[in-house]
file final18.cif (mmCIF, C-alpha atoms and all ligand atoms)
data_final
#
loop_
_atom_site.label_atom_id
_atom_site.label_comp_id
_atom_site.auth_asym_id
_atom_site.auth_seq_id
_atom_site.Cartn_x
_atom_site.Cartn_y
_atom_site.Cartn_z
CA MET A 1 2.01 -12.02 23.58
CA PRO A 2 0.19 -15.32 24.29
CA SER A 3 2.57 -17.91 25.69
CA THR A 4 1.52 -20.48 23.05
CA LEU A 5 2.53 -18.07 20.28
CA MET A 6 5.78 -17.34 22.04
CA GLY A 7 6.37 -21.07 22.18
CA THR A 8 5.69 -21.46 18.47
CA LEU A 9 8.07 -18.69 17.54
CA PHE A 10 10.92 -19.06 19.93
CA ALA A 11 10.94 -22.33 21.86
CA SER A 12 11.60 -24.69 18.95
CA PRO A 13 14.47 -23.21 16.98
CA SER A 14 15.27 -26.52 15.29
CA SER A 15 11.79 -26.76 13.78
CA MET A 16 11.90 -23.10 12.76
CA LEU A 17 15.17 -23.69 11.00
CA ALA A 18 13.97 -26.71 9.05
CA ARG A 19 14.15 -25.46 5.48
CA SER A 20 15.50 -26.31 2.11
CA GLY A 21 17.97 -23.43 1.73
CA CYS A 22 17.93 -20.08 0.03
CA SER A 23 15.45 -19.64 -2.80
CA GLN A 24 15.85 -16.01 -3.81
CA THR A 25 19.13 -16.32 -5.67
CA LEU A 26 19.12 -17.96 -9.10
CA HIS A 27 22.32 -19.42 -10.45
CA PRO A 28 22.69 -20.13 -14.15
CA CYS A 29 22.76 -23.81 -15.00
CA PRO A 30 23.38 -25.70 -18.26
CA LEU A 31 20.20 -26.41 -20.23
CA ILE A 32 20.67 -30.17 -20.34
CA ALA A 33 23.52 -31.77 -18.40
CA MET A 34 25.21 -35.00 -19.45
CA ASN A 35 23.25 -37.89 -17.88
CA PRO A 36 20.89 -35.41 -16.26
CA THR A 37 19.06 -36.12 -13.06
CA ARG A 38 15.28 -35.58 -13.07
CA ARG A 39 15.79 -32.21 -11.35
CA GLU A 40 18.40 -31.11 -13.93
CA PHE A 41 16.17 -32.24 -16.78
CA LEU A 42 13.18 -30.32 -15.44
CA ALA A 43 15.28 -27.19 -14.82
CA GLY A 44 16.75 -27.37 -18.31
CA ALA A 45 13.38 -27.99 -19.94
CA ALA A 46 11.79 -25.09 -18.05
CA ALA A 47 14.64 -22.78 -19.12
CA ALA A 48 14.09 -23.91 -22.72
CA GLY A 49 10.45 -22.77 -22.62
CA LEU A 50 8.95 -26.27 -22.32
CA ALA A 51 7.25 -25.59 -18.98
CA PRO A 52 3.68 -25.65 -20.39
CA TYR A 53 4.25 -29.25 -21.58
CA LEU A 54 5.70 -30.61 -18.34
CA PRO A 55 3.53 -32.53 -15.85
CA ALA A 56 2.12 -30.25 -13.15
CA ARG A 57 3.85 -30.53 -9.82
CA PRO A 58 2.15 -29.89 -6.49
CA VAL A 59 3.04 -26.45 -5.12
CA ALA A 60 5.08 -26.81 -1.94
CA ALA A 61 3.44 -25.43 1.18
CA PRO A 62 5.18 -22.26 2.37
CA ALA A 63 7.73 -23.21 4.98
CA PRO A 64 8.80 -21.27 8.07
CA PHE A 65 12.15 -19.60 7.71
CA THR A 66 14.61 -17.48 9.63
CA PHE A 67 16.71 -14.54 8.56
CA VAL A 68 19.07 -12.32 10.51
CA PHE A 69 19.34 -8.54 10.54
CA MET A 70 22.59 -7.02 11.71
CA SER A 71 23.95 -3.54 11.19
CA ASP A 72 26.86 -1.14 11.54
CA THR A 73 29.70 -3.60 11.30
CA HIS A 74 32.12 -0.63 10.87
CA VAL A 75 34.96 -2.87 9.75
CA GLY A 76 38.08 -0.76 10.06
CA LEU A 77 37.16 0.68 13.42
CA LYS A 78 40.09 -0.24 15.61
CA GLY A 79 39.92 -3.75 16.99
CA ASN A 80 36.37 -4.70 16.05
CA LEU A 81 37.19 -7.61 13.73
CA VAL A 82 37.29 -10.05 16.64
CA GLN A 83 33.91 -8.91 18.00
CA ASN A 84 32.30 -8.99 14.53
CA GLU A 85 33.72 -12.46 13.94
CA ALA A 86 32.31 -13.75 17.24
CA MET A 87 28.86 -12.39 16.41
CA LEU A 88 28.98 -13.86 12.88
CA ALA A 89 29.85 -17.25 14.38
CA GLU A 90 26.65 -17.10 16.44
CA ILE A 91 24.63 -16.02 13.40
CA GLY A 92 26.17 -18.70 11.18
CA ALA A 93 25.29 -21.38 13.73
CA LEU A 94 21.61 -20.51 13.26
CA LYS A 95 21.90 -21.29 9.54
CA PRO A 96 19.48 -18.51 8.55
CA ASP A 97 18.13 -18.37 4.98
CA PHE A 98 20.04 -15.10 4.58
CA VAL A 99 21.59 -12.20 6.48
CA ILE A 100 20.99 -8.51 5.86
CA ASN A 101 23.65 -6.00 6.92
CA GLY A 102 21.93 -2.64 7.50
CA GLY A 103 24.85 -0.44 6.51
CA ASP A 104 28.05 1.18 7.71
CA VAL A 105 29.62 -2.04 6.52
CA THR A 106 32.97 -0.26 6.81
CA ASP A 107 34.24 2.68 8.81
CA TYR A 108 35.84 4.71 5.99
CA GLY A 109 34.74 2.90 2.81
CA TRP A 110 38.29 1.85 1.90
CA SER A 111 38.83 -1.18 -0.32
CA GLY A 112 41.00 -2.85 2.35
CA GLU A 113 38.13 -2.58 4.83
CA TYR A 114 35.75 -4.24 2.36
CA ALA A 115 38.35 -6.99 1.82
CA ASN A 116 38.52 -7.59 5.58
CA TYR A 117 34.72 -7.64 5.76
CA ARG A 118 34.47 -10.14 2.92
CA ALA A 119 37.00 -12.36 4.70
CA LEU A 120 34.77 -12.27 7.79
CA ILE A 121 31.63 -13.39 5.95
CA ALA A 122 33.34 -15.75 3.47
CA PRO A 123 33.08 -18.90 5.63
CA HIS A 124 29.36 -18.28 6.08
CA GLU A 125 28.81 -17.62 2.37
CA ARG A 126 30.61 -20.90 1.67
CA ALA A 127 28.07 -22.49 4.02
CA ASN A 128 25.37 -21.20 1.63
CA ILE A 129 24.22 -18.26 3.76
CA PRO A 130 23.77 -15.30 1.40
CA PHE A 131 24.55 -11.80 2.70
CA HIS A 132 22.72 -8.70 1.44
CA HIS A 133 23.87 -5.16 2.21
CA LEU A 134 22.69 -1.59 2.58
CA ALA A 135 25.04 1.35 2.20
CA GLY A 136 25.58 3.49 5.29
CA ASN A 137 26.85 7.02 5.68
CA HIS A 138 30.27 5.72 6.73
CA ASP A 139 30.50 3.77 3.47
CA VAL A 140 29.96 6.82 1.26
CA ARG A 141 30.78 9.98 3.18
CA TRP A 142 34.53 10.26 2.98
CA SER A 143 34.94 10.24 -0.79
CA PRO A 144 32.88 11.24 -3.83
CA LEU A 145 33.59 7.68 -5.05
CA GLY A 146 32.04 6.17 -1.90
CA PRO A 147 29.00 4.62 -3.65
CA LYS A 148 31.26 3.04 -6.31
CA ALA A 149 33.56 1.62 -3.63
CA TYR A 150 30.50 0.27 -1.78
CA ARG A 151 29.14 -1.46 -4.90
CA GLU A 152 32.54 -2.98 -5.69
CA GLY A 153 33.25 -3.86 -2.05
CA THR A 154 29.96 -5.62 -1.34
CA GLY A 155 28.98 -6.69 -4.87
CA ASP A 156 25.51 -5.29 -4.20
CA PRO A 157 23.58 -2.46 -5.89
CA MET A 158 22.71 0.70 -3.96
CA PHE A 159 19.07 -0.40 -3.59
CA THR A 160 17.18 -3.56 -4.51
CA SER A 161 14.35 -5.89 -3.58
CA PHE A 162 13.72 -9.63 -3.72
CA ASP A 163 11.04 -12.17 -2.92
CA HIS A 164 11.69 -15.04 -0.55
CA LYS A 165 9.15 -17.73 0.35
CA GLY A 166 6.15 -15.50 -0.10
CA CYS A 167 7.60 -12.34 1.48
CA HIS A 168 9.02 -9.23 -0.19
CA PHE A 169 12.24 -7.61 1.03
CA VAL A 170 13.08 -4.00 0.13
CA LEU A 171 16.62 -2.72 0.73
CA LEU A 172 16.72 1.07 0.44
CA ASP A 173 19.55 3.52 -0.10
CA SER A 174 19.27 6.45 2.30
CA THR A 175 22.81 7.75 1.82
CA VAL A 176 24.01 11.06 0.43
CA PRO A 177 27.61 11.04 -0.83
CA LEU A 178 29.91 13.06 1.44
CA SER A 179 27.17 13.49 4.01
CA HIS A 180 26.21 12.22 7.45
CA TYR A 181 22.47 12.73 6.99
CA GLY A 182 20.02 10.75 4.86
CA HIS A 183 17.75 11.38 1.89
CA PHE A 184 15.64 9.14 -0.35
CA GLU A 185 16.42 10.07 -3.95
CA ALA A 186 13.42 10.64 -6.22
CA LYS A 187 14.71 8.02 -8.68
CA MET A 188 14.71 5.34 -5.98
CA LEU A 189 11.28 6.37 -4.69
CA ARG A 190 9.84 6.08 -8.22
CA TRP A 191 11.41 2.61 -8.47
CA LEU A 192 9.95 1.68 -5.06
CA ALA A 193 6.45 2.79 -6.08
CA ARG A 194 6.65 0.56 -9.19
CA ASP A 195 8.20 -2.30 -7.22
CA LEU A 196 5.44 -2.31 -4.60
CA GLU A 197 2.73 -1.93 -7.23
CA LYS A 198 3.97 -5.20 -8.74
CA THR A 199 4.15 -6.78 -5.26
CA GLY A 200 0.53 -5.93 -4.50
CA PRO A 201 -1.23 -5.02 -1.26
CA LYS A 202 -1.29 -8.52 0.27
CA MET A 203 2.28 -9.82 0.21
CA PRO A 204 4.13 -9.19 3.51
CA VAL A 205 6.82 -6.55 2.98
CA PHE A 206 9.94 -6.01 5.08
CA VAL A 207 11.76 -2.70 4.59
CA PHE A 208 15.40 -1.94 5.44
CA THR A 209 16.99 1.51 5.71
CA HIS A 210 20.33 2.59 7.15
CA HIS A 211 19.26 6.06 8.33
CA TRP A 212 16.35 5.62 10.70
CA VAL A 213 12.83 6.75 9.93
CA GLY A 214 9.77 7.55 11.99
CA LYS A 215 11.26 8.61 15.25
CA ASP A 216 12.62 11.59 17.05
CA GLY A 217 15.74 13.26 15.70
CA ILE A 218 14.79 13.24 12.05
CA MET A 219 17.59 11.66 10.03
CA VAL A 220 16.03 11.47 6.54
CA ASP A 221 14.67 14.85 5.48
CA ASN A 222 12.00 13.36 3.19
CA GLU A 223 11.00 10.32 5.25
CA VAL A 224 7.32 11.27 4.80
CA ALA A 225 7.69 10.63 1.06
CA LEU A 226 8.66 7.04 1.93
CA LEU A 227 5.73 6.65 4.31
CA GLU A 228 3.27 7.80 1.67
CA ILE A 229 4.56 5.12 -0.73
CA LEU A 230 4.54 2.37 1.92
CA LYS A 231 1.15 3.05 3.49
CA PRO A 232 -1.12 1.19 1.02
CA TYR A 233 0.97 -1.99 1.30
CA ASN A 234 1.31 -4.79 3.84
CA VAL A 235 4.51 -3.48 5.45
CA VAL A 236 5.15 -5.78 8.40
CA HIS A 237 8.30 -4.23 9.78
CA ILE A 238 10.97 -1.60 9.06
CA PHE A 239 14.54 -2.40 10.12
CA ASN A 240 16.78 0.61 10.79
CA GLY A 241 20.50 1.11 11.33
CA HIS A 242 22.74 4.09 12.05
CA GLY A 243 21.73 4.86 15.66
CA HIS A 244 23.78 2.16 17.42
CA SER A 245 20.92 1.57 19.89
CA ASP A 246 18.64 -1.36 20.69
CA LEU A 247 15.22 0.20 20.05
CA LEU A 248 11.64 -0.72 19.16
CA TRP A 249 9.05 1.86 18.08
CA THR A 250 6.11 2.37 15.76
CA TRP A 251 5.76 4.90 12.95
CA ASP A 252 2.20 5.64 11.96
CA GLY A 253 1.34 2.11 13.05
CA ILE A 254 4.32 0.36 11.38
CA ALA A 255 6.68 -1.44 13.77
CA ASN A 256 10.35 -0.41 13.59
CA THR A 257 13.50 -1.74 15.21
CA MET A 258 17.13 -0.72 15.42
CA ASN A 259 20.20 -2.58 16.65
CA LYS A 260 23.46 -1.54 18.17
CA GLY A 261 26.42 -2.21 15.89
CA LEU A 262 27.20 -5.89 15.33
CA TYR A 263 30.61 -5.44 16.97
CA GLN A 264 28.77 -4.05 20.02
CA GLY A 265 27.06 -7.40 20.54
CA SER A 266 23.65 -6.86 18.95
CA TRP A 267 21.77 -8.55 16.09
CA MET A 268 18.25 -9.79 15.45
CA ARG A 269 16.86 -13.17 14.49
CA VAL A 270 13.59 -12.90 12.52
CA ASP A 271 11.33 -15.96 12.36
CA ILE A 272 8.67 -15.98 9.65
CA ASP A 273 5.86 -18.54 9.75
CA PRO A 274 3.70 -18.21 6.62
CA VAL A 275 1.28 -20.91 7.82
CA ALA A 276 0.58 -19.29 11.18
CA GLY A 277 0.83 -15.87 9.48
CA THR A 278 3.25 -14.52 12.07
CA ALA A 279 6.61 -12.78 12.20
CA GLY A 280 8.66 -12.79 15.38
CA ILE A 281 11.85 -10.98 16.27
CA ALA A 282 14.31 -12.00 18.95
CA ARG A 283 17.25 -9.74 19.74
CA ARG A 284 20.71 -10.76 20.80
CA ALA A 285 22.03 -7.95 22.95
CA GLY A 286 24.85 -7.50 25.40
CA GLU A 287 28.61 -7.63 25.35
CA PRO A 288 30.11 -9.44 22.35
CA THR A 289 31.57 -12.54 23.98
CA LEU A 290 32.74 -15.79 22.51
CA ASP A 291 30.03 -17.61 24.47
CA ALA A 292 26.92 -17.70 22.29
CA ALA A 293 24.13 -15.64 23.84
CA LYS A 294 20.52 -16.51 23.14
CA PRO A 295 18.39 -13.89 21.38
CA GLN A 296 15.49 -12.78 23.60
CA PRO A 297 11.91 -12.41 22.26
CA LEU A 298 11.28 -8.78 21.35
CA TRP A 299 8.31 -8.39 18.99
CA THR A 300 5.67 -10.35 17.09
CA GLY A 301 3.42 -9.21 14.29
CA SER A 302 0.99 -10.51 11.70
CA LEU A 303 1.88 -11.22 8.08
CA LYS A 304 -1.73 -10.75 7.11
CA GLY A 305 -1.85 -6.97 7.04
CA GLY A 306 -5.11 -5.28 7.86
CA ALA A 307 -5.67 -2.13 9.83
CA LYS A 308 -2.73 -0.95 11.87
CA GLU A 309 -3.30 0.78 15.18
CA MET A 310 -2.61 4.43 14.50
CA LEU A 311 -1.49 6.98 17.02
CA THR A 312 -4.26 9.58 17.17
CA PRO A 313 -3.90 13.18 18.41
CA GLU A 314 -6.19 12.30 21.32
CA ARG A 315 -3.94 9.45 22.47
CA ALA A 316 -0.68 11.36 21.97
CA ARG A 317 1.08 12.67 25.06
CA LEU A 318 3.45 15.06 23.26
CA HIS A 319 3.09 17.17 20.12
CA ARG A 320 5.58 19.01 18.00
CA ILE A 321 5.30 21.36 15.03
CA ASP A 322 7.95 20.67 12.38
CA ASN A 323 11.27 20.21 14.21
CA GLY A 324 10.31 22.42 17.18
CA PRO A 325 10.33 21.35 20.84
CA TRP A 326 7.98 18.62 22.07
CA VAL A 327 5.17 20.08 24.19
CA GLU A 328 2.61 18.45 26.45
CA GLY A 329 -0.98 18.75 25.29
CA ALA A 330 -2.23 20.36 22.11
CA PRO A 331 0.27 22.09 19.78
CA VAL A 332 0.45 25.89 19.94
CA LEU A 333 -0.08 27.43 16.54
CA ALA A 334 -0.03 31.10 17.59
CA SER A 335 3.68 31.68 16.96
CA THR A 336 3.94 29.46 13.87
CA VAL A 337 4.87 31.36 10.73
CA ALA A 338 2.76 31.21 7.59
CA GLY A 339 3.40 28.32 5.21
CA PRO A 340 3.25 24.49 5.16
CA HIS A 341 3.87 22.60 8.41
CA ARG A 342 3.53 19.16 9.97
CA VAL A 343 2.56 18.08 13.46
CA SER A 344 4.32 15.07 15.00
CA LEU A 345 2.75 12.99 17.76
CA LYS A 346 4.47 10.88 20.37
CA THR A 347 3.60 8.70 23.32
CA GLY A 348 6.05 6.20 24.76
CA THR A 349 7.44 4.23 21.84
CA GLU A 350 4.79 5.31 19.35
CA TYR A 351 5.55 8.08 16.91
CA ALA A 352 3.45 9.54 14.11
CA ARG A 353 3.64 12.47 11.77
CA ALA A 354 0.14 13.73 11.14
CA LYS A 355 -0.86 15.13 7.78
CA GLY A 356 0.52 18.52 7.00
CA PHE A 357 -1.37 21.76 7.44
CA GLU A 358 -0.86 25.22 6.00
CA ILE A 359 -1.14 28.59 7.68
CA PRO A 360 -2.21 30.92 4.87
CA THR A 361 -0.63 34.28 4.20
CA ASP A 362 -1.41 37.16 1.92
CA ARG A 363 2.31 37.90 1.67
CA LYS A 364 4.14 36.47 -1.31
CA THR A 365 7.66 35.15 -0.91
CA THR A 366 10.00 36.84 -3.36
CA VAL A 367 13.68 36.27 -4.05
CA LEU A 368 15.45 39.49 -3.01
CA ALA A 369 18.89 38.51 -4.26
CA SER A 370 20.66 35.52 -5.80
CA ARG A 371 24.14 34.89 -7.16
CA LYS A 372 25.51 32.12 -9.36
CA LEU A 373 28.41 30.33 -7.65
CA LYS A 374 31.33 28.34 -9.07
CA GLY A 375 30.18 25.07 -7.53
CA GLY A 376 27.49 23.38 -5.44
CA VAL A 377 27.10 24.23 -1.76
CA MET A 378 27.40 21.29 0.68
CA SER A 379 28.09 23.25 3.88
CA HIS A 380 26.52 25.79 6.21
CA LEU A 381 26.63 29.46 5.26
CA ARG A 382 28.35 31.55 7.93
CA LEU A 383 27.08 35.04 8.80
CA ASP A 384 29.89 37.44 9.74
CA GLY A 385 28.25 40.76 10.69
CA ASP A 386 26.92 42.23 7.46
CA ARG A 387 28.81 39.66 5.38
CA VAL A 388 28.04 36.06 4.50
CA LEU A 389 30.66 33.35 3.86
CA VAL A 390 30.03 30.29 1.72
CA SER A 391 32.33 27.44 0.60
CA GLN A 392 31.70 25.65 -2.69
CA MET A 393 32.38 22.22 -4.16
CA GLY A 394 34.50 23.91 -6.86
CA GLY A 395 36.97 24.74 -4.09
CA ALA A 396 36.23 28.45 -3.72
CA VAL A 397 35.24 30.39 -0.60
CA LEU A 398 33.14 33.49 -1.25
CA CYS A 399 32.64 36.44 1.08
CA ALA A 400 29.63 38.50 -0.01
CA ASP A 401 27.46 41.33 1.23
CA ALA A 402 24.74 39.59 3.28
CA GLU A 403 21.99 41.83 1.92
CA THR A 404 22.83 42.11 -1.79
CA LEU A 405 25.13 39.03 -2.16
CA ARG A 406 27.60 41.33 -3.98
CA PRO A 407 31.06 39.62 -3.84
CA ILE A 408 33.56 41.26 -1.50
CA TRP A 409 36.34 38.70 -1.95
CA GLU A 410 36.73 35.16 -3.20
CA ALA A 411 39.57 32.77 -2.36
CA THR A 412 40.41 29.29 -3.64
CA THR A 413 41.44 26.06 -1.89
CA GLY A 414 43.29 23.16 -3.51
CA ASP A 415 40.32 20.80 -4.01
CA TYR A 416 36.57 20.62 -3.46
CA CYS A 417 35.48 22.37 -0.31
CA HIS A 418 32.56 20.98 1.68
CA SER A 419 33.44 22.27 5.15
CA SER A 420 31.70 25.32 6.59
CA PRO A 421 33.88 28.42 6.92
CA GLU A 422 34.70 29.46 10.51
CA VAL A 423 35.57 33.01 11.65
CA CYS A 424 38.54 32.94 14.04
CA GLY A 425 39.60 36.47 15.06
CA ASP A 426 40.91 38.19 11.93
CA LEU A 427 40.86 34.98 9.91
CA VAL A 428 38.36 32.89 7.96
CA VAL A 429 39.39 29.23 8.30
CA VAL A 430 38.16 26.35 6.16
CA GLY A 431 39.17 22.76 5.40
CA SER A 432 39.54 21.37 1.89
CA ALA A 433 39.54 17.92 0.26
CA ASP A 434 43.24 18.34 -0.58
CA GLY A 435 43.88 17.56 3.08
CA LYS A 436 44.79 21.13 4.04
CA MET A 437 43.29 23.84 6.23
CA TYR A 438 43.27 27.32 4.73
CA ALA A 439 43.22 30.63 6.62
CA PHE A 440 42.20 33.79 4.75
CA ASP A 441 42.29 37.38 5.91
CA ARG A 442 38.79 38.17 7.12
CA LYS A 443 38.73 41.58 5.38
CA SER A 444 40.65 40.98 2.13
CA GLY A 445 40.50 37.21 1.61
CA LYS A 446 44.29 36.99 1.20
CA GLU A 447 45.72 33.58 2.13
FE FE B 501 27.18 3.25 12.17
#

call {"tool": "encode", "arguments": {"input": "final18.cif", "output": "structure tokens"}}
result
Amino acid sequence: MPSTLMGTLFASPSSMLARSGCSQTLHPCPLIAMNPTRREFLAGAAAAGLAPYLPARPVAAPAPFTFVFMSDTHVGLKGNLVQNEAMLAEIGALKPDFVINGGDVTDYGWSGEYANYRALIAPHERANIPFHHLAGNHDVRWSPLGPKAYREGTGDPMFTSFDHKGCHFVLLDSTVPLSHYGHFEAKMLRWLARDLEKTGPKMPVFVFTHHWVGKDGIMVDNEVALLEILKPYNVVHIFNGHGHSDLLWTWDGIANTMNKGLYQGSWMRVDIDPVAGTAGIARRAGEPTLDAAKPQPLWTGSLKGGAKEMLTPERARLHRIDNGPWVEGAPVLASTVAGPHRVSLKTGTEYARAKGFEIPTDRKTTVLASRKLKGGVMSHLRLDGDRVLVSQMGGAVLCADAETLRPIWEATTGDYCHSSPEVCGDLVVVGSADGKMYAFDRKSGKE
């Protein structure tokens, strides 16, 4: 990065912080106040539909602003309130336009944890710093009511977007209730496609997701569906949570970052300069101490869009087919089974998933056997010789013939059952949401 640009972005924090406050949140106000000021009169008249008759005002030049991204506060994890509080004190001192918490706000999604979290951020909200949130797997995975508790605990919807000083911010929901892994629901992706269509291809877009995207160790099974929606737009940066690591990488040319948890001493300051057309990120990393640490310059990018530098197969050092092992050089297709596949490319911190390809077959896939169960399946099936074991959300555990799926025995637990059955000697053992472990006779299914 040129030193002059570095100076613009990071050496003059006071000038970067000069701003008039948050503009993305609208608060209702009375139409005409008693003895109104000029500002109150204009606001009331505009709300009353008189805007076309008011004198034109000069449009304010877009001003530089700062926001903060932090993640994985995990309030409830033993002893981390003090560390989170120290980090929030540093963030509050910056007086950012707003703060985005990238998810895992709490450790177990309990209402008491949300109350403790709200107490932590309350002094900063009173200082007019708005906080926005994403849900994380820890917020929703321990109870079917996790998403409801998250919405009530944070006051935020599961996914949303807003405009702020000429930039568009998209906060995604990657969570799956009762699950560690991520998925982007079709309903949200349809909303996102409409949302970005309205935003247009020029406005700078910042995307936030709890489960990471675009790097090794795939965490969201349909991340490519997100990429296909984002690609036509001016996506400047994707902020990720979940991995508790300080990382920087690119995904098909889009820059991505991830922080450690806030309580682990990591957060990012993002400086946007609409006039210069630049975005800069500085990361605060290290032990969470009560002595304010200065964020260090990490990344700069352009707000103006344009062609992104793509990772090409020729430049890639490693290739991988689907979720197979990374191999040096060109991917080996010889042992790949017929059907649709994708090749991933990697070199250093760059990562790309090339377009899919299909190995044709003249064999048709046919369903050999199927069986209706008493509830959904949220766990792994367990093969036990010529038998297969499956637990179901209705609470039942079924043992069936692995070839025909003919039931051999079925047993019931006291509540929904989303743990995979384990074979332990002569027993089949499984956990249930009633807080109990159940052991069934491997042959008969008797408890
Ligand atoms: Fe986390």

call {"tool": "residues_near_ligand", "arguments": {"input": "final18.cif", "ligand": "ligand FE 501 (chain B)", "cutoff": "12 Å", "atoms": "all atoms listed in the file", "output": "ChimeraX atom specification"}}
result
/A:70-77,101-108,134-141,180-181,210-212,240-245,258-264

call {"tool": "residues_around", "arguments": {"input": "final18.cif", "residues": "range 303-313 of chain A", "least_positions_apart": "3", "cutoff": "10 Å", "atoms": "all atoms listed in the file", "output": "count of residues only"}}
result
43

call {"tool": "atom_distance", "arguments": {"input": "final18.cif", "atom1": "CA of Ala292 in chain A", "atom2": "CA of Gly92 in chain A"}}
result
11.2 Å

call {"tool": "atom_distance", "arguments": {"input": "final18.cif", "atom1": "CA of His124 in chain A", "atom2": "CA of Trp110 in chain A"}}
result
22.4 Å

call {"tool": "closest_residue", "arguments": {"input": "final18.cif", "among": "A:Gly445, A:Leu94, A:Gly166, A:Glu314", "to": "Ala63 in chain A", "atoms": "only C-alpha atoms"}}
result
A:Gly166

call {"tool": "closest_residue", "arguments": {"input": "final18.cif", "among": "A:Ala402, A:Lys294, A:Asn323, A:Gln392", "to": "Asp415 in chain A", "atoms": "only C-alpha atoms"}}
result
A:Gln392

call {"tool": "residues_around", "arguments": {"input": "final18.cif", "residues": "Phe184 in chain A", "least_positions_apart": "3", "cutoff": "8 Å", "atoms": "only C-alpha atoms", "output": "list in words"}}
result
Asp173, Ser174, Thr175, Met188, Leu189, Val220, Asn222, Glu223 and Leu226 of chain A

call {"tool": "closest_residue", "arguments": {"input": "final18.cif", "among": "A:Thr361, A:Ser370, A:Ser419, A:Gln83", "to": "Leu405 in chain A", "atoms": "all atoms listed in the file"}}
result
A:Ser370

call {"tool": "closest_residue", "arguments": {"input": "final18.cif", "among": "A:Ala369, A:Ala115, A:Ala122, A:Val337", "to": "Gly153 in chain A", "atoms": "only C-alpha atoms"}}
result
A:Ala115

call {"tool": "residues_around", "arguments": {"input": "final18.cif", "residues": "Ala193 in chain A", "least_positions_apart": "5", "cutoff": "9 Å", "atoms": "only C-alpha atoms", "output": "list in words"}}
result
Met188, Lys198, Ile229 and Leu230 of chain A

call {"tool": "residues_around", "arguments": {"input": "final18.cif", "residues": "Phe357 in chain A", "least_positions_apart": "3", "cutoff": "7 Å", "atoms": "all atoms listed in the file", "output": "ChimeraX atom specification"}}
result
/A:340-342

call {"tool": "closest_residue", "arguments": {"input": "final18.cif", "among": "A:Ser302, A:Thr404, A:Thr412, A:Ser391", "to": "Ser379 in chain A", "atoms": "all atoms listed in the file"}}
result
A:Ser391

call {"tool": "closest_residue", "arguments": {"input": "final18.cif", "among": "A:Leu398, A:Ala93, A:Pro157, A:Val68", "to": "Arg371 in chain A", "atoms": "only C-alpha atoms"}}
result
A:Leu398

call {"tool": "residues_near_point", "arguments": {"input": "final18.cif", "point": "(40.1, 37.3, -3.4)", "cutoff": "12 Å", "atoms": "only C-alpha atoms", "output": "list in words"}}
result
Ala396, Val397, Leu398, Cys399, Ala400, Pro407, Ile408, Trp409, Glu410, Ala411, Thr412, Thr413, Phe440, Asp441, Arg442, Lys443, Ser444, Gly445, Lys446 and Glu447 of chain A

call {"tool": "axis_aligned_box", "arguments": {"input": "final18.cif", "around": "range 440-447 of chain A", "padding_each_side": "6 Å", "output": "lines of an AutoDock Vina configuration file"}}
result
center_x = 42.2
center_y = 37.6
center_z = 4.2
size_x = 19.0
size_y = 20.0
size_z = 17.9

call {"tool": "residues_near_point", "arguments": {"input": "final18.cif", "point": "(39.8, 20.6, 5.6)", "cutoff": "10 Å", "atoms": "all atoms listed in the file", "output": "count of residues only"}}
result
18

call {"tool": "atom_distance", "arguments": {"input": "final18.cif", "atom1": "CA of Leu389 in chain A", "atom2": "CA of Val423 in chain A"}}
result
9.2 Å

call {"tool": "build_atoms", "arguments": {"input": "final18.cif", "residues": "range 389-395 of chain A", "atoms": "N, CA, C and O atoms", "output": "PDB file, keeping the file's coordinate frame"}}
result
ATOM      1  N   LEU A 389      29.582  34.181   4.419  1.00  0.00           N
ATOM      2  CA  LEU A 389      30.660  33.350   3.860  1.00  0.00           C
ATOM      3  C   LEU A 389      30.075  32.025   3.401  1.00  0.00           C
ATOM      4  O   LEU A 389      29.247  31.428   4.095  1.00  0.00           O
ATOM      5  N   VAL A 390      30.516  31.577   2.216  1.00  0.00           N
ATOM      6  CA  VAL A 390      30.030  30.290   1.720  1.00  0.00           C
ATOM      7  C   VAL A 390      31.173  29.555   0.998  1.00  0.00           C
ATOM      8  O   VAL A 390      31.912  30.154   0.211  1.00  0.00           O
ATOM      9  N   SER A 391      31.339  28.254   1.328  1.00  0.00           N
ATOM     10  CA  SER A 391      32.330  27.440   0.600  1.00  0.00           C
ATOM     11  C   SER A 391      31.600  26.648  -0.472  1.00  0.00           C
ATOM     12  O   SER A 391      30.409  26.353  -0.337  1.00  0.00           O
ATOM     13  N   GLN A 392      32.332  26.296  -1.532  1.00  0.00           N
ATOM     14  CA  GLN A 392      31.700  25.650  -2.690  1.00  0.00           C
ATOM     15  C   GLN A 392      32.477  24.414  -3.117  1.00  0.00           C
ATOM     16  O   GLN A 392      33.682  24.324  -2.903  1.00  0.00           O
ATOM     17  N   MET A 393      31.752  23.473  -3.756  1.00  0.00           N
ATOM     18  CA  MET A 393      32.380  22.220  -4.160  1.00  0.00           C
ATOM     19  C   MET A 393      33.461  22.445  -5.227  1.00  0.00           C
ATOM     20  O   MET A 393      34.291  21.576  -5.452  1.00  0.00           O
ATOM     21  N   GLY A 394      33.439  23.593  -5.908  1.00  0.00           N
ATOM     22  CA  GLY A 394      34.500  23.910  -6.860  1.00  0.00           C
ATOM     23  C   GLY A 394      35.813  24.238  -6.176  1.00  0.00           C
ATOM     24  O   GLY A 394      36.855  24.353  -6.831  1.00  0.00           O
ATOM     25  N   GLY A 395      35.760  24.441  -4.848  1.00  0.00           N
ATOM     26  CA  GLY A 395      36.970  24.740  -4.090  1.00  0.00           C
ATOM     27  C   GLY A 395      37.061  26.172  -3.605  1.00  0.00           C
ATOM     28  O   GLY A 395      37.951  26.514  -2.833  1.00  0.00           O
TER      29      GLY A 395
END
